[in-house]
2 protein chains.
Amino acid sequence: MPTINDVARAAGVSPSTVSYVLSGRRPISAETRARVQAAIAELGFHPHAGARALASSKTNVIALVAPLRVDVNVPVIMQFATAVVTAARSYNHDVLLLTKDEGTAGLERVAHSTMVDALILMDLERDDMRIPALRRLKQPSVLIGLPADHTGIACVDLDFAAAAREALTHLAGHGHRRIGLVGPSPAVYRRQTTYADRFLSGFLEASTELGLRTVTHPCEPGAEGVRACLAEIDAELPALSALVVHNEEALRPLLDLLQASGRRVPEDISIVAICPRDVAISMPVHLTSIDIPAHDVGTIAVETAMRLLDGRSVEYTRLLAPGLVERDSCREIPPSHR
Amino acid sequence: MPTINDVARAAGVSPSTVSYVLSGRRPISAETRARVQAAIAELGFHPHAGARALASSKTNVIALVAPLRVDVNVPVIMQFATAVVTAARSYNHDVLLLTKDEGTAGLERVAHSTMVDALILMDLERDDMRIPALRRLKQPSVLIGLPADHTGIACVDLDFAAAAREALTHLAGHGHRRIGLVGPSPAVYRRQTTYADRFLSGFLEASTELGLRTVTHPCEPGAEGVRACLAEIDAELPALSALVVHNEEALRPLLDLLQASGRRVPEDISIVAICPRDVAISMPVHLTSIDIPAHDVGTIAVETAMRLLDGRSVEYTRLLAPGLVERDSCREIPPSHR
DNA sequence: TCGGTTCGTCGAAGCGCTTCGACGGTGGTG
DNA sequence: CACCACCGTCGAAGCGCTTCGACGAACCGA
């Protein structure tokens with residue numbers, strides 16, 4: 001492995017000049033630069049990351065803390081991760097992958113030992129214990145999610161409240177007045193991942209504003225849970241004409257169940273799902289859905305981290321506007337039947 | 001951030017002594033060690049990763065190269081990643097996440113700049129261009145998969161040929177004589193990911209050995225692809241009594257299709273799937289399956305990397321024995337009907 | 001023409017750690 | 001009772017890079 005000294009010698013300049021060619025922090029004449037670059041190429045020189053980090057106190061690495069329990073949301077997590085890695089690379093950074101289960105200790109470990117310049121965390125809980133720890137770090141962090149007290153920490157997420165509103169507005173616009181919400185599993189509520197609450201309150205507010213009759217229910221995973229959930233919703237709000245489903249996992253069993261009981265989508269019942277696009281179109285009926293814009297969120301998270309790193313201003317709470325895509329699961333109720 | 005000098009001063013010893021306490025590479029008296037450790041704890045000292053890497057030429061980081069295109073196999077990939085990160089942590093290493101699409105350049109970048117001590121790659125192709133590049137690196141690498149020429153590089157994977165054999169043996173043992181294989185999509189074969197071929201040849205060999213009548217077909221994704229595939233299989237081998245499905249994505253549409261056409265599982269047709277356990281039990285009929293032991297493979301990959309790193313011997317081709325788990329999708333054909 | 005800039009380059013001082021050789025002090029051995 | 005070996009610790013020399021101050025040369029305006 002050649003060092004910067006080897007390059008310097010080969011190019012007939014001093015090591016510092018090579019460094020300046022590399023960083024561009026000082027003007028270097030065109031000839032010198034060319035000579036240095038030739039030497040670099042010829043020797044196959046790559047600066048030693050550790051030495052660089054030591055001298056410059058920048059690692060060009062960001063930490064990504066992902067919930068790696070094999071869980072419901074795997075595809076979404078993966079999309080976030082992909083987006084983060086890709087975006088990071090576009091800023092010439094790499095990504096160190098941490099698991100959520102290392103908890104606060106993991107964050108402190110990588111931060112204190114100066115392995116990373118910034119941290120991006122996903123799957124935040126309402127009163128996430130990690131937040132106070134993050135505040136103490138010298139590295140900035142960006143959250144994918146919106147915990148209760150996030151003052152001073154940048155957050156990026158889909159605007160779930162607006163998503164709920166948009167779902168209801170869409171259905172109301174199609175003449176639906178009686179609508180059920182199939183929510184996430186009780187475990188999600190228990191875990192206090194805030195998107196569930198944010199969606200729910202948006203849903204309830206919009207329901208009132210639009211003068212709808214609605215009922216909401218969490219939904220246990222598995223066919224049995226879905227059956228129970230739907231039964232309760234049906235009981236509490238008979239003759240509903242539409243469902244909003246904020247539960248990826250429930251989607252498939254729900255459609256199976258509806259089909260088995262002879263309720264056609266969308267003829268008998270309309271559905272708006274909150275889920276990634278590919279899930280929506282992988283169903284027998286292509287679902288009208290509000291996408292979880294994992295790619296955008298991940299990209300913006302990295303961008304925010306970069307701004308933070310070079311001291312530019314950032315928007316500390318960035319909630320992305322939802323986008324509803326119409327597919328085949330919503331029916332327009334004729335005015336005469338409303 | 002306190003440095004090793006601060007700790008040394010606080011403990012009244014020299015920096016090198018602190019270092020030896022940390023590394024255990026030289027004997028240190030119990031009292032001194034205690035004093036040093038107290039100082040470390042009190043100051044909240046964490047060694048600077050870059051400095052450490054520079055001085056010791058070890059980073060305690062391994063690269064994980066994952067196919068991050070949002071693809072069919074997302075859950076499996078995720079399981080690999082989880083296992084790798086967890087195992088790496090248990091060896092006090094961290095994981096740098098790279099995407100496959102950075103290709104050879106990405107590997108060389110992190111290796112040459114000494115960001116990692118070893119590399120683990122997944123989703124290898126038959127004649128993967130990255131292999132020659134890997135050979136040139138000074139860091140060892142471990143492959144999850146089995147490309148054609150892997151001499152000198154450690155490989156870990158499920159023994160897909162044995163898996164195919166096991167599936168057929170199981171079915172044959174239950175009296176099935178006419179069996180179809182629903183294979184991966186043509187895209188997988190085209191991409192030359194070797195597991196497809198390995199499974200297929202295992203299948204064909206076992207078929208001959210066991211004297212079975214079999215037919216094999218790749219299967220395009222989507223309900224349409226599955227329908228076409230099944231139609232071809234049915235046409236070529238009428239009255240088959242079992243299917244082996246080596247295509248996660250096809251599973252759900254296949255079951256839908258069978259149900260729609262009134263063929264019950266397992267009464268009319270038996271199924272053995274090659275897929276992760278949770279996919280097998282997420283189906284309406286819990287499928288008898290051969291698990292993709294992603295967790296084990298990931299763990300072993302890391303373990304292998306660690307052995308390589310400290311110069312211990314390794315098994316260069318480690319093919320894990322498949323484990324078939326009986327569930328509800330295989331029927332025993334009574335001897336009278338065979 | 002001369003002082004003051006600006007430009008392009010160099011030298012040296014670290015960044016924080018590991019590791020090697022050295023060196024007193026103990027304890028065991030012949 | 002010497003001698004040697006080993007134990008526990010220290011000091012110093014790097015690891016490969018960045019960055020700051022300095023410095024000659026070229027250039028500008030007055």
# chains A, B, ... in the order shown; residues from 1 in each chain; ligands from 1
$ closest_atom_pairs --of "chain D" --to "region 8-30 of chain C" --cutoff "9 Å" --atoms "only C-alpha atoms (C1' of nucleotides)" --output "JSON lines"
{"residue": "D:DC3", "atom": "C1'", "partner": "C:DT29", "partner_atom": "C1'", "distance": 8.8}
{"residue": "D:DC4", "atom": "C1'", "partner": "C:DT29", "partner_atom": "C1'", "distance": 8.8}
{"residue": "D:DA5", "atom": "C1'", "partner": "C:DG28", "partner_atom": "C1'", "distance": 8.8}
{"residue": "D:DC6", "atom": "C1'", "partner": "C:DT26", "partner_atom": "C1'", "distance": 8.8}
{"residue": "D:DC7", "atom": "C1'", "partner": "C:DT26", "partner_atom": "C1'", "distance": 8.1}
{"residue": "D:DT9", "atom": "C1'", "partner": "C:DC23", "partner_atom": "C1'", "distance": 9.0}
{"residue": "D:DC10", "atom": "C1'", "partner": "C:DC23", "partner_atom": "C1'", "distance": 8.5}
{"residue": "D:DG11", "atom": "C1'", "partner": "C:DA22", "partner_atom": "C1'", "distance": 8.9}
{"residue": "D:DA13", "atom": "C1'", "partner": "C:DC20", "partner_atom": "C1'", "distance": 8.9}
{"residue": "D:DC15", "atom": "C1'", "partner": "C:DT18", "partner_atom": "C1'", "distance": 8.8}
{"residue": "D:DC17", "atom": "C1'", "partner": "C:DC15", "partner_atom": "C1'", "distance": 8.9}
{"residue": "D:DT18", "atom": "C1'", "partner": "C:DC15", "partner_atom": "C1'", "distance": 8.8}
{"residue": "D:DC20", "atom": "C1'", "partner": "C:DA13", "partner_atom": "C1'", "distance": 9.0}
{"residue": "D:DA22", "atom": "C1'", "partner": "C:DC10", "partner_atom": "C1'", "distance": 8.7}
{"residue": "D:DC23", "atom": "C1'", "partner": "C:DC10", "partner_atom": "C1'", "distance": 8.5}
$ interface_residues --of "chain A" --to "chain D" --cutoff "9 Å" --atoms "only C-alpha atoms (C1' of nucleotides)" --output "PyMOL selection string"
chain A and resi 3-5+16+19-20+47-56
$ residues_around --residues "Ala105 (chain A)" --least-positions-apart "4" --cutoff "10 Å" --atoms "only C-alpha atoms (C1' of nucleotides)" --output "number ranges by chain"
A: 101, 109-111, 130, 133
$ interface_residues --of "chain A" --to "chain C" --cutoff "7 Å" --atoms "only C-alpha atoms (C1' of nucleotides)" --output "ChimeraX atom specification"
/A:14,17,27-29,54-55
$ interface_residues --of "chain B" --to "chain A" --cutoff "9 Å" --atoms "only C-alpha atoms" --output "PyMOL selection string"
chain B and resi 1+44-55+57+59+61+63+68-70+74-75+78-79+81-82+85-86+94-99+109-110+112-115+222-223+282+284
$ residues_around --residues "Phe203 (chain A)" --least-positions-apart "2" --cutoff "8 Å" --atoms "only C-alpha atoms (C1' of nucleotides)" --output "list in words"
Ala161, Ala164, Arg165, Leu168, Phe199, Leu200, Ser201, Glu205, Ala206 and Ser207 of chain A
$ residues_around --residues "Gly173 (chain A)" --least-positions-apart "4" --cutoff "12 Å" --atoms "only C-alpha atoms (C1' of nucleotides)" --output "list in words"
Arg165, Glu166, Ala167, Leu168, Thr169, Arg177, Leu210, Leu212, Cys330, Arg331, Glu332, Ile333, Pro334, Pro335 and Arg338 of chain A
